[in-house]
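For reference, structure.txt (compact mmCIF, C-alpha atoms and all ligand atoms):
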# COMPACT_ATOMS: atom_id res chain seq x y z
CA MET Z 242 16.73 -46.72 -40.39
CA SER Z 243 17.87 -45.69 -43.84
CA LEU Z 244 21.49 -44.74 -44.32
CA SER Z 245 22.70 -41.37 -45.58
CA PRO Z 246 24.53 -41.37 -48.95
CA ILE Z 247 27.90 -41.08 -47.20
CA ASP Z 248 27.05 -43.95 -44.83
CA LYS Z 249 26.00 -46.06 -47.81
CA PHE Z 250 29.34 -45.27 -49.40
CA ILE Z 251 31.12 -46.40 -46.22
CA GLU Z 252 29.05 -49.54 -45.98
CA GLY Z 253 29.84 -50.76 -49.48
CA MET Z 254 33.57 -50.00 -49.35
CA PRO Z 255 36.00 -52.89 -48.80
CA LYS Z 256 37.90 -52.43 -45.53
CA ALA Z 257 40.36 -54.14 -43.20
CA GLU Z 258 40.18 -54.11 -39.42
CA LEU Z 259 43.55 -54.09 -37.65
CA HIS Z 260 42.75 -53.37 -34.01
CA LEU Z 261 40.14 -55.70 -32.62
CA HIS Z 262 40.19 -57.62 -29.33
CA ILE Z 263 38.17 -60.78 -29.87
CA GLU Z 264 37.11 -60.76 -26.20
CA GLY Z 265 35.78 -57.26 -26.85
CA THR Z 266 33.24 -58.60 -29.35
CA PHE Z 267 31.41 -60.55 -26.62
CA GLU Z 268 27.84 -59.24 -26.92
CA PRO Z 269 25.61 -59.32 -23.81
CA GLU Z 270 23.08 -61.65 -25.49
CA MET Z 271 25.84 -64.17 -26.19
CA MET Z 272 27.20 -63.78 -22.64
CA PHE Z 273 23.88 -64.92 -21.22
CA GLN Z 274 23.67 -67.84 -23.68
CA ILE Z 275 27.17 -69.10 -23.02
CA ALA Z 276 26.91 -68.57 -19.26
CA LYS Z 277 23.77 -70.69 -19.23
CA ARG Z 278 25.38 -73.45 -21.27
CA ASN Z 279 28.35 -73.51 -18.89
CA GLY Z 280 26.21 -73.43 -15.75
CA ARG Z 281 27.36 -69.95 -14.73
CA ILE Z 282 25.26 -67.14 -13.39
CA LEU Z 283 25.93 -63.56 -14.44
CA PRO Z 284 25.62 -60.92 -11.71
CA TYR Z 285 23.10 -59.05 -13.90
CA ARG Z 286 19.40 -59.82 -14.28
CA SER Z 287 19.09 -58.95 -17.96
CA VAL Z 288 20.91 -57.80 -21.07
CA GLU Z 289 19.64 -54.27 -20.34
CA ASP Z 290 21.02 -54.38 -16.78
CA LEU Z 291 24.38 -55.46 -18.11
CA LYS Z 292 24.43 -52.78 -20.80
CA ASP Z 293 23.62 -50.19 -18.14
CA ALA Z 294 26.96 -51.02 -16.53
CA TYR Z 295 28.80 -50.01 -19.71
CA ARG Z 296 29.67 -46.51 -18.57
CA PHE Z 297 33.36 -45.93 -18.18
CA ASN Z 298 35.48 -43.03 -16.96
CA ASN Z 299 38.78 -44.51 -18.05
CA LEU Z 300 40.52 -47.60 -19.43
CA GLN Z 301 40.68 -49.42 -16.07
CA GLU Z 302 36.94 -49.16 -15.44
CA PHE Z 303 36.35 -50.74 -18.83
CA LEU Z 304 38.97 -53.46 -18.31
CA ASN Z 305 37.33 -54.54 -15.03
CA ILE Z 306 34.08 -55.32 -16.85
CA TYR Z 307 35.81 -56.69 -19.96
CA TYR Z 308 37.73 -59.28 -17.90
CA THR Z 309 34.57 -60.26 -16.00
CA GLY Z 310 32.84 -60.91 -19.33
CA ALA Z 311 35.81 -62.81 -20.78
CA GLU Z 312 35.79 -65.17 -17.79
CA LEU Z 313 32.57 -66.72 -19.08
CA LEU Z 314 34.50 -68.25 -21.97
CA ILE Z 315 35.50 -71.77 -21.03
CA GLU Z 316 35.15 -74.31 -23.83
CA GLU Z 317 36.69 -74.32 -27.31
CA LEU Z 318 33.16 -73.96 -28.67
CA ASP Z 319 32.73 -70.69 -26.73
CA PHE Z 320 35.80 -69.20 -28.40
CA TYR Z 321 34.66 -70.53 -31.75
CA GLU Z 322 31.18 -69.04 -31.49
CA LEU Z 323 32.50 -65.71 -30.23
CA THR Z 324 34.88 -65.40 -33.17
CA TYR Z 325 32.49 -66.62 -35.83
CA ALA Z 326 29.77 -64.21 -34.66
CA TYR Z 327 32.23 -61.32 -35.07
CA LEU Z 328 33.11 -62.48 -38.59
CA GLU Z 329 29.46 -62.71 -39.61
CA ARG Z 330 28.80 -59.20 -38.34
CA VAL Z 331 31.72 -57.61 -40.13
CA HIS Z 332 31.12 -59.62 -43.27
CA ALA Z 333 27.82 -57.72 -43.51
CA GLN Z 334 29.90 -54.50 -43.24
CA ASN Z 335 32.21 -55.38 -46.16
CA VAL Z 336 35.20 -56.03 -43.95
CA VAL Z 337 37.39 -58.34 -46.04
CA HIS Z 338 40.48 -58.76 -43.85
CA VAL Z 339 40.84 -58.87 -40.05
CA GLU Z 340 43.84 -58.87 -37.72
CA VAL Z 341 42.48 -60.20 -34.46
CA PHE Z 342 43.99 -59.74 -31.00
CA PHE Z 343 43.51 -62.34 -28.32
CA ASP Z 344 44.57 -62.29 -24.65
CA PRO Z 345 45.63 -65.84 -23.61
CA GLN Z 346 46.53 -64.86 -20.03
CA THR Z 347 42.94 -63.77 -19.32
CA HIS Z 348 42.00 -67.39 -19.82
CA THR Z 349 45.06 -69.44 -18.81
CA ASP Z 350 45.25 -67.61 -15.46
CA ARG Z 351 41.87 -69.13 -14.55
CA GLY Z 352 42.58 -72.65 -15.76
CA VAL Z 353 41.45 -72.60 -19.39
CA SER Z 354 44.23 -74.07 -21.52
CA PHE Z 355 46.10 -72.10 -24.17
CA ASP Z 356 45.17 -74.83 -26.66
CA THR Z 357 41.44 -74.41 -25.99
CA VAL Z 358 41.63 -70.66 -26.59
CA ILE Z 359 43.71 -70.66 -29.74
CA LYS Z 360 42.05 -73.67 -31.34
CA GLY Z 361 38.54 -72.21 -30.94
CA ILE Z 362 39.51 -68.83 -32.34
CA HIS Z 363 41.62 -70.23 -35.16
CA ARG Z 364 39.01 -72.73 -36.34
CA ALA Z 365 36.42 -69.95 -36.56
CA LEU Z 366 38.85 -67.76 -38.51
CA GLU Z 367 39.56 -70.63 -40.93
CA ASP Z 368 35.83 -71.24 -41.39
CA GLY Z 369 35.27 -67.52 -41.88
CA GLN Z 370 37.91 -67.46 -44.58
CA GLN Z 371 36.33 -70.42 -46.35
CA LYS Z 372 32.68 -69.49 -46.00
CA LEU Z 373 32.76 -65.70 -45.89
CA GLY Z 374 36.00 -65.00 -47.76
CA ILE Z 375 37.50 -62.95 -44.91
CA THR Z 376 41.28 -63.30 -44.68
CA PHE Z 377 42.91 -63.03 -41.26
CA LYS Z 378 45.98 -62.73 -39.07
CA MET Z 379 46.15 -63.57 -35.37
CA ILE Z 380 47.98 -61.36 -32.89
CA MET Z 381 48.65 -62.61 -29.40
CA CYS Z 382 48.67 -59.87 -26.76
CA PHE Z 383 50.53 -59.91 -23.45
CA LEU Z 384 48.71 -58.35 -20.51
CA ARG Z 385 50.92 -55.53 -19.34
CA HIS Z 386 49.55 -55.44 -15.77
CA LEU Z 387 51.10 -58.90 -15.24
CA PRO Z 388 54.84 -59.54 -14.79
CA GLU Z 389 57.13 -60.11 -17.76
CA GLU Z 390 57.67 -63.64 -16.48
CA SER Z 391 54.03 -64.46 -17.18
CA ALA Z 392 54.41 -63.11 -20.72
CA PHE Z 393 57.46 -65.38 -21.18
CA LYS Z 394 55.35 -68.36 -20.10
CA THR Z 395 52.66 -67.39 -22.60
CA LEU Z 396 55.22 -67.06 -25.37
CA GLU Z 397 56.45 -70.56 -24.54
CA GLN Z 398 52.88 -71.90 -24.82
CA ALA Z 399 52.48 -70.17 -28.18
CA LEU Z 400 55.54 -71.69 -29.82
CA PRO Z 401 53.80 -74.88 -31.02
CA TYR Z 402 51.27 -72.59 -32.76
CA LYS Z 403 53.83 -70.22 -34.22
CA HIS Z 404 52.59 -70.82 -37.76
CA TRP Z 405 49.15 -69.45 -36.74
CA ILE Z 406 50.34 -66.26 -35.03
CA ALA Z 407 51.63 -63.29 -37.01
CA GLY Z 408 52.64 -61.06 -34.17
CA VAL Z 409 52.67 -60.23 -30.49
CA GLY Z 410 51.03 -57.18 -28.96
CA LEU Z 411 50.77 -55.49 -25.58
CA ASP Z 412 47.47 -54.46 -24.02
CA SER Z 413 45.60 -53.92 -20.71
CA SER Z 414 46.33 -51.20 -18.11
CA GLU Z 415 48.80 -48.82 -19.70
CA LEU Z 416 49.64 -46.29 -16.98
CA GLY Z 417 52.46 -47.58 -14.79
CA ASN Z 418 53.16 -50.49 -17.16
CA PRO Z 419 55.52 -49.03 -19.78
CA PRO Z 420 56.76 -51.01 -22.78
CA SER Z 421 60.24 -51.17 -21.18
CA LYS Z 422 58.81 -53.71 -18.69
CA PHE Z 423 58.51 -56.17 -21.62
CA LYS Z 424 61.75 -55.51 -23.45
CA ASN Z 425 63.16 -59.02 -22.95
CA VAL Z 426 60.07 -60.98 -23.89
CA PHE Z 427 59.59 -58.91 -27.04
CA GLU Z 428 63.20 -59.53 -27.98
CA LYS Z 429 62.64 -63.29 -27.64
CA ALA Z 430 59.36 -63.05 -29.58
CA ARG Z 431 61.08 -61.21 -32.43
CA GLN Z 432 63.86 -63.80 -32.49
CA GLU Z 433 61.13 -66.43 -32.89
CA GLY Z 434 59.85 -64.56 -35.93
CA PHE Z 435 56.84 -62.71 -34.51
CA LEU Z 436 56.12 -59.16 -35.56
CA ALA Z 437 55.93 -56.71 -32.65
CA LEU Z 438 53.04 -54.35 -31.90
CA ALA Z 439 52.02 -52.49 -28.76
CA HIS Z 440 49.22 -50.37 -27.41
CA ALA Z 441 50.93 -47.11 -26.56
CA GLY Z 442 49.87 -43.52 -26.03
CA GLU Z 443 46.20 -44.33 -25.36
CA GLU Z 444 46.35 -43.12 -21.74
CA GLY Z 445 50.11 -43.32 -21.37
CA PRO Z 446 52.51 -40.53 -22.40
CA ALA Z 447 54.37 -40.04 -25.67
CA GLU Z 448 57.39 -41.50 -23.90
CA TYR Z 449 55.71 -44.92 -23.97
CA ILE Z 450 55.46 -44.68 -27.76
CA TRP Z 451 59.20 -43.97 -27.93
CA GLU Z 452 59.82 -47.04 -25.77
CA ALA Z 453 57.59 -49.19 -28.00
CA LEU Z 454 59.61 -48.05 -31.02
CA ASP Z 455 63.10 -48.16 -29.60
CA LEU Z 456 62.92 -51.01 -27.06
CA LEU Z 457 60.20 -53.31 -28.44
CA HIS Z 458 60.89 -52.50 -32.12
CA VAL Z 459 57.23 -52.42 -33.00
CA VAL Z 460 56.07 -52.24 -36.60
CA ARG Z 461 52.68 -50.75 -35.66
CA ILE Z 462 51.35 -48.72 -32.74
CA ASP Z 463 47.87 -49.39 -31.39
CA HIS Z 464 46.11 -46.12 -30.55
CA GLY Z 465 49.09 -43.76 -30.33
CA ASN Z 466 46.90 -40.67 -29.83
CA ARG Z 467 49.37 -39.05 -27.45
CA CYS Z 468 52.11 -38.85 -30.10
CA LEU Z 469 50.74 -35.40 -30.89
CA ASP Z 470 52.26 -34.16 -27.62
CA ASP Z 471 55.73 -34.64 -29.09
CA GLN Z 472 56.59 -33.14 -32.47
CA LYS Z 473 59.84 -35.06 -32.77
CA LEU Z 474 57.95 -38.30 -32.23
CA VAL Z 475 55.38 -37.48 -34.92
CA LYS Z 476 58.22 -36.88 -37.38
CA GLU Z 477 59.87 -40.15 -36.38
CA LEU Z 478 56.65 -42.16 -36.79
CA ALA Z 479 56.14 -40.64 -40.23
CA LYS Z 480 59.76 -41.24 -41.21
CA ARG Z 481 59.72 -44.87 -40.07
CA LYS Z 482 56.26 -45.35 -41.65
CA ILE Z 483 54.82 -46.79 -38.44
CA PRO Z 484 51.03 -46.96 -38.76
CA LEU Z 485 48.71 -45.99 -35.90
CA THR Z 486 45.54 -48.02 -35.42
CA LEU Z 487 43.06 -45.48 -34.07
CA CYS Z 488 39.77 -46.41 -32.40
CA PRO Z 489 37.36 -43.44 -32.40
CA LEU Z 490 34.35 -44.83 -30.49
CA SER Z 491 36.65 -46.51 -27.96
CA ASN Z 492 38.45 -43.22 -27.38
CA VAL Z 493 35.16 -41.45 -26.70
CA ALA Z 494 33.84 -44.23 -24.44
CA LEU Z 495 37.07 -44.30 -22.38
CA LYS Z 496 37.42 -40.52 -22.34
CA VAL Z 497 40.73 -40.51 -24.21
CA VAL Z 498 39.12 -37.74 -26.29
CA LYS Z 499 36.28 -35.41 -25.37
CA ASP Z 500 34.30 -35.82 -28.54
CA LEU Z 501 34.86 -36.78 -32.15
CA SER Z 502 34.64 -33.24 -33.48
CA GLN Z 503 38.18 -32.84 -32.09
CA TYR Z 504 39.42 -36.19 -33.43
CA PRO Z 505 42.91 -35.63 -34.82
CA ILE Z 506 42.83 -37.64 -38.05
CA ILE Z 507 43.10 -34.64 -40.32
CA GLU Z 508 46.08 -33.27 -38.41
CA MET Z 509 47.75 -36.67 -38.27
CA THR Z 510 47.27 -37.22 -42.00
CA ARG Z 511 48.61 -33.76 -42.77
CA ARG Z 512 51.73 -34.59 -40.77
CA GLY Z 513 52.35 -37.70 -42.81
CA LEU Z 514 51.14 -40.37 -40.38
CA LEU Z 515 49.58 -43.54 -41.72
CA ILE Z 516 46.40 -43.91 -39.67
CA THR Z 517 43.61 -46.47 -39.72
CA VAL Z 518 40.12 -46.64 -38.20
CA ASN Z 519 39.21 -49.60 -35.99
CA SER Z 520 36.66 -50.72 -33.43
CA ASP Z 521 38.83 -52.05 -30.53
CA ASP Z 522 36.06 -53.64 -28.39
CA PRO Z 523 32.89 -53.16 -30.42
CA ALA Z 524 30.48 -54.93 -28.05
CA TYR Z 525 31.38 -52.39 -25.34
CA PHE Z 526 31.90 -49.16 -27.23
CA GLY Z 527 28.76 -48.83 -29.33
CA GLY Z 528 29.73 -50.13 -32.71
CA TYR Z 529 31.66 -52.26 -35.15
CA LEU Z 530 33.89 -50.95 -37.90
CA ASN Z 531 31.24 -49.21 -39.98
CA GLU Z 532 29.74 -47.46 -36.96
CA ASN Z 533 33.20 -46.06 -36.22
CA PHE Z 534 33.41 -44.76 -39.78
CA PHE Z 535 29.85 -43.36 -39.65
CA ALA Z 536 30.55 -41.47 -36.42
CA LEU Z 537 33.82 -40.07 -37.69
CA ALA Z 538 32.41 -39.06 -41.07
CA LYS Z 539 29.56 -37.22 -39.36
CA ALA Z 540 31.65 -35.46 -36.74
CA LEU Z 541 34.37 -34.34 -39.14
CA PHE Z 542 32.34 -33.94 -42.35
CA LEU Z 543 34.63 -36.40 -44.10
CA SER Z 544 34.44 -36.61 -47.87
CA LYS Z 545 34.38 -39.77 -49.97
CA THR Z 546 37.99 -39.01 -50.83
CA ASP Z 547 38.91 -38.94 -47.11
CA LEU Z 548 37.01 -42.18 -46.47
CA ALA Z 549 38.56 -44.03 -49.40
CA ARG Z 550 41.98 -42.93 -48.16
CA LEU Z 551 41.24 -44.41 -44.74
CA ALA Z 552 40.13 -47.69 -46.33
CA LYS Z 553 43.29 -47.81 -48.45
CA ASN Z 554 45.36 -47.11 -45.33
CA SER Z 555 43.75 -50.13 -43.64
CA PHE Z 556 45.22 -52.41 -46.30
CA GLN Z 557 48.51 -50.54 -46.53
CA ALA Z 558 49.05 -50.86 -42.75
CA SER Z 559 48.02 -54.53 -42.65
CA PHE Z 560 50.25 -57.60 -42.52
CA LEU Z 561 48.97 -58.82 -45.89
CA GLU Z 562 51.47 -59.71 -48.62
CA GLU Z 563 52.36 -56.77 -50.89
CA SER Z 564 50.42 -58.27 -53.80
CA GLU Z 565 47.27 -58.60 -51.64
CA LYS Z 566 47.66 -55.02 -50.39
CA LYS Z 567 47.91 -53.79 -53.97
CA LYS Z 568 44.88 -55.82 -55.00
CA TRP Z 569 42.67 -54.37 -52.26
CA ILE Z 570 43.91 -50.82 -52.69
CA ALA Z 571 43.03 -51.08 -56.39
CA LYS Z 572 39.57 -52.38 -55.42
CA VAL Z 573 38.99 -49.41 -53.13
CA GLU Z 574 40.03 -47.07 -55.95
CA GLU Z 575 37.68 -48.82 -58.33
CA TYR Z 576 34.85 -48.53 -55.79
CA TYR Z 577 35.62 -44.85 -55.25
CA SER Z 578 35.57 -44.11 -59.00
CA ALA Z 579 32.28 -45.96 -59.45
CA ASN Z 580 30.57 -44.25 -56.51
CA ASN Z 581 32.02 -40.75 -56.39
CA SER Z 582 29.11 -38.85 -57.84
N1 LIG Z 601 43.48 -50.75 -24.31
C1 LIG Z 601 44.21 -51.59 -23.59
N2 LIG Z 601 43.86 -52.85 -23.41
C2 LIG Z 601 42.74 -53.29 -23.97
C3 LIG Z 601 41.95 -52.47 -24.72
C4 LIG Z 601 42.34 -51.12 -24.91
O1 LIG Z 601 41.69 -50.29 -25.57
N3 LIG Z 601 40.91 -53.21 -25.13
C5 LIG Z 601 41.09 -54.46 -24.65
N4 LIG Z 601 42.20 -54.51 -23.94
ZN ZN Z 602 42.92 -52.13 -28.05

Could you show the structure in this file as structure tokens?
Ligand code: HPA
Ligand code: ZN
Amino acid sequence: MSLSPIDKFIEGMPKAELHLHIEGTFEPEMMFQIAKRNGRILPYRSVEDLKDAYRFNNLQEFLNIYYTGAELLIEELDFYELTYAYLERVHAQNVVHVEVFFDPQTHTDRGVSFDTVIKGIHRALEDGQQKLGITFKMIMCFLRHLPEESAFKTLEQALPYKHWIAGVGLDSSELGNPPSKFKNVFEKARQEGFLALAHAGEEGPAEYIWEALDLLHVVRIDHGNRCLDDQKLVKELAKRKIPLTLCPLSNVALKVVKDLSQYPIIEMTRRGLLITVNSDDPAYFGGYLNENFFALAKALFLSKTDLARLAKNSFQASFLEESEKKKWIAKVEEYYSANNS
């Protein structure tokens, strides 16, 4: 299939991805391969059968399948291959920097050691940096459906690897699990030098975004769609320059939004919010970073100027050093000037 001129522009543009669950990059083909190697049997006859199950009405329906898939990952090699396959895919999409979430509790709760998980992912990220030139940060997420005590235990396990982990995040079932539940563990994590992030306002109310800001002291909000319900909150996010990492195809797949023609990026930008485009769980939601950009550009008739702004935002909102941010923003501008005909 040949790409439209705007899709070609998207494809060639340097970009960063800031909201990506590594377990959400587990493609069905790889699930079958790894299951076989580990002597496991998937409850699906074929890749097609499995893909047929990828129809979700909400976040929880997705999470049930996502955790079932993640449970096939057992050995360090599994985590390595999963991560490296993601890097190869996005390398072909001109993604030059990634900030990768991982969910240790999904694995440690079933007997896979923290060391196995982090070593496999980290080694692949190091190799990706060397061989593909993709820089990276790792972000460890706590599962919010579990007690805070379990998050404390995970934080303890992470301390020997502190130098590998840039920040801590909060994911999984949002409704009924507000950020306030994790106030103490985030405080400890921040004392240890981790940056704080949280999924908030995906399905949960604007109030959860306030809690993430005021109780967890987050520097970035993942999703954050529901901030638009609260004008004071939008102003506060803009004032504090807290970026939102939006995930268009995820939001459609999980029915957070009806369709992309209503996607609020124009309104958010107009109100001074720093927003970025991301893929969340690309193996489940129909596309990696470029497919998210393609879908958004088509639905909202985005111009090259809009798209270059989104790419620049991805570096601005990243945890890269200021000099690296400047370098990549200048490269996007250069690319825009050379291709804006
Ligand atoms: N929301 C919450 N938890 C998650 C998600 C998400 O979109 N993806 C993987 N874990
Ligand atoms: Zn997410």

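For ligand ZN 602 (chain Z), the set of protein, DNA and RNA residues within 7 Å, based on all atoms listed in the file, reads His260, Leu261, His262, Asp412, His440, Asp463 and Asp521 of chain Z.
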
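If you measure from each of Z:Val426, Z:Ile570, Z:Met381, Z:Ala365 to Z:Phe393 using all atoms listed in the file, the closest one turns out to be Z:Val426.
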
- [ ] Name each residue within 9 Å of ligand LIG 601 (chain Z), counting only C-alpha atoms and all ligand atoms, as a ChimeraX atom specification.
- [x] /Z:261-265,300-301,303-304,307-308,342,344,382,384-385,411-415,440-441,443-444,463-464,488,491-492,495,521-522

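Note that the spacing between atom CA of Z:Asp319 and atom CA of Z:Lys256 amounts to 26.7 Å.
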
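When only C-alpha atoms are used to measure the gap to Z:Ala257, the shortest distance among Z:Glu477, Z:Glu316, Z:Glu340, Z:Asp290 belongs to Z:Glu340.
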
TODO: Could you check which of Z:Arg481, Z:Lys539, Z:Lys429, Z:Lys572 is closest to Z:Ile247, using only C-alpha atoms?
DONE: Z:Lys539

Task: Polymer residues at most 10 Å from stretch 496-499 of chain Z, all atoms listed in the file, same-chain spacing of 3 or more positions, as a PyMOL selection string - done: chain Z and resi 297-300+442-444+466-467+489-493+502-505

Using C-alpha atoms, can you export the residues from the last selection as a short mmCIF file (atom, residue, chain, number, x, y, z; two decimals), keeping the file's coordinate frame?
data_model
loop_
_atom_site.label_atom_id
_atom_site.label_comp_id
_atom_site.auth_asym_id
_atom_site.auth_seq_id
_atom_site.Cartn_x
_atom_site.Cartn_y
_atom_site.Cartn_z
CA PHE Z 297 33.36 -45.93 -18.18
CA ASN Z 298 35.48 -43.03 -16.96
CA ASN Z 299 38.78 -44.51 -18.05
CA LEU Z 300 40.52 -47.60 -19.43
CA GLY Z 442 49.87 -43.52 -26.03
CA GLU Z 443 46.20 -44.33 -25.36
CA GLU Z 444 46.35 -43.12 -21.74
CA ASN Z 466 46.90 -40.67 -29.83
CA ARG Z 467 49.37 -39.05 -27.45
CA PRO Z 489 37.36 -43.44 -32.40
CA LEU Z 490 34.35 -44.83 -30.49
CA SER Z 491 36.65 -46.51 -27.96
CA ASN Z 492 38.45 -43.22 -27.38
CA VAL Z 493 35.16 -41.45 -26.70
CA SER Z 502 34.64 -33.24 -33.48
CA GLN Z 503 38.18 -32.84 -32.09
CA TYR Z 504 39.42 -36.19 -33.43
CA PRO Z 505 42.91 -35.63 -34.82
#

- [ ] Please provide the set of residues having any atom within 12 Å of Z:Ile483, restricted to only C-alpha atoms, with same-chain residues fewer than 5 positions apart removed, written as a PyMOL selection string.
- [x] chain Z and resi 437-439+450-451+453-454+458-465+468+474-478+513-517+554+557-559

- [ ] Please check which residues have atoms at most 12 Å from (25.8, -60.2, -21.5) in the file's coordinates, counting all atoms listed in the file, and write them as a ChimeraX atom specification.
- [x] /Z:265-277,281-295,306-307,309-314,524-525

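Atom CA of Z:Trp569 is positioned 21.7 Å from atom CA of Z:Gly408.
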
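Reported to one decimal place, the separation of atom CA of Z:Asp470 from atom CA of Z:Asn531 is 28.7 Å.
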
TODO: Could you tell me which of Z:Trp405, Z:Phe423, Z:Phe320, Z:Phe560 comes closest to Z:Leu457 if we count only C-alpha atoms?
DONE: Z:Phe423
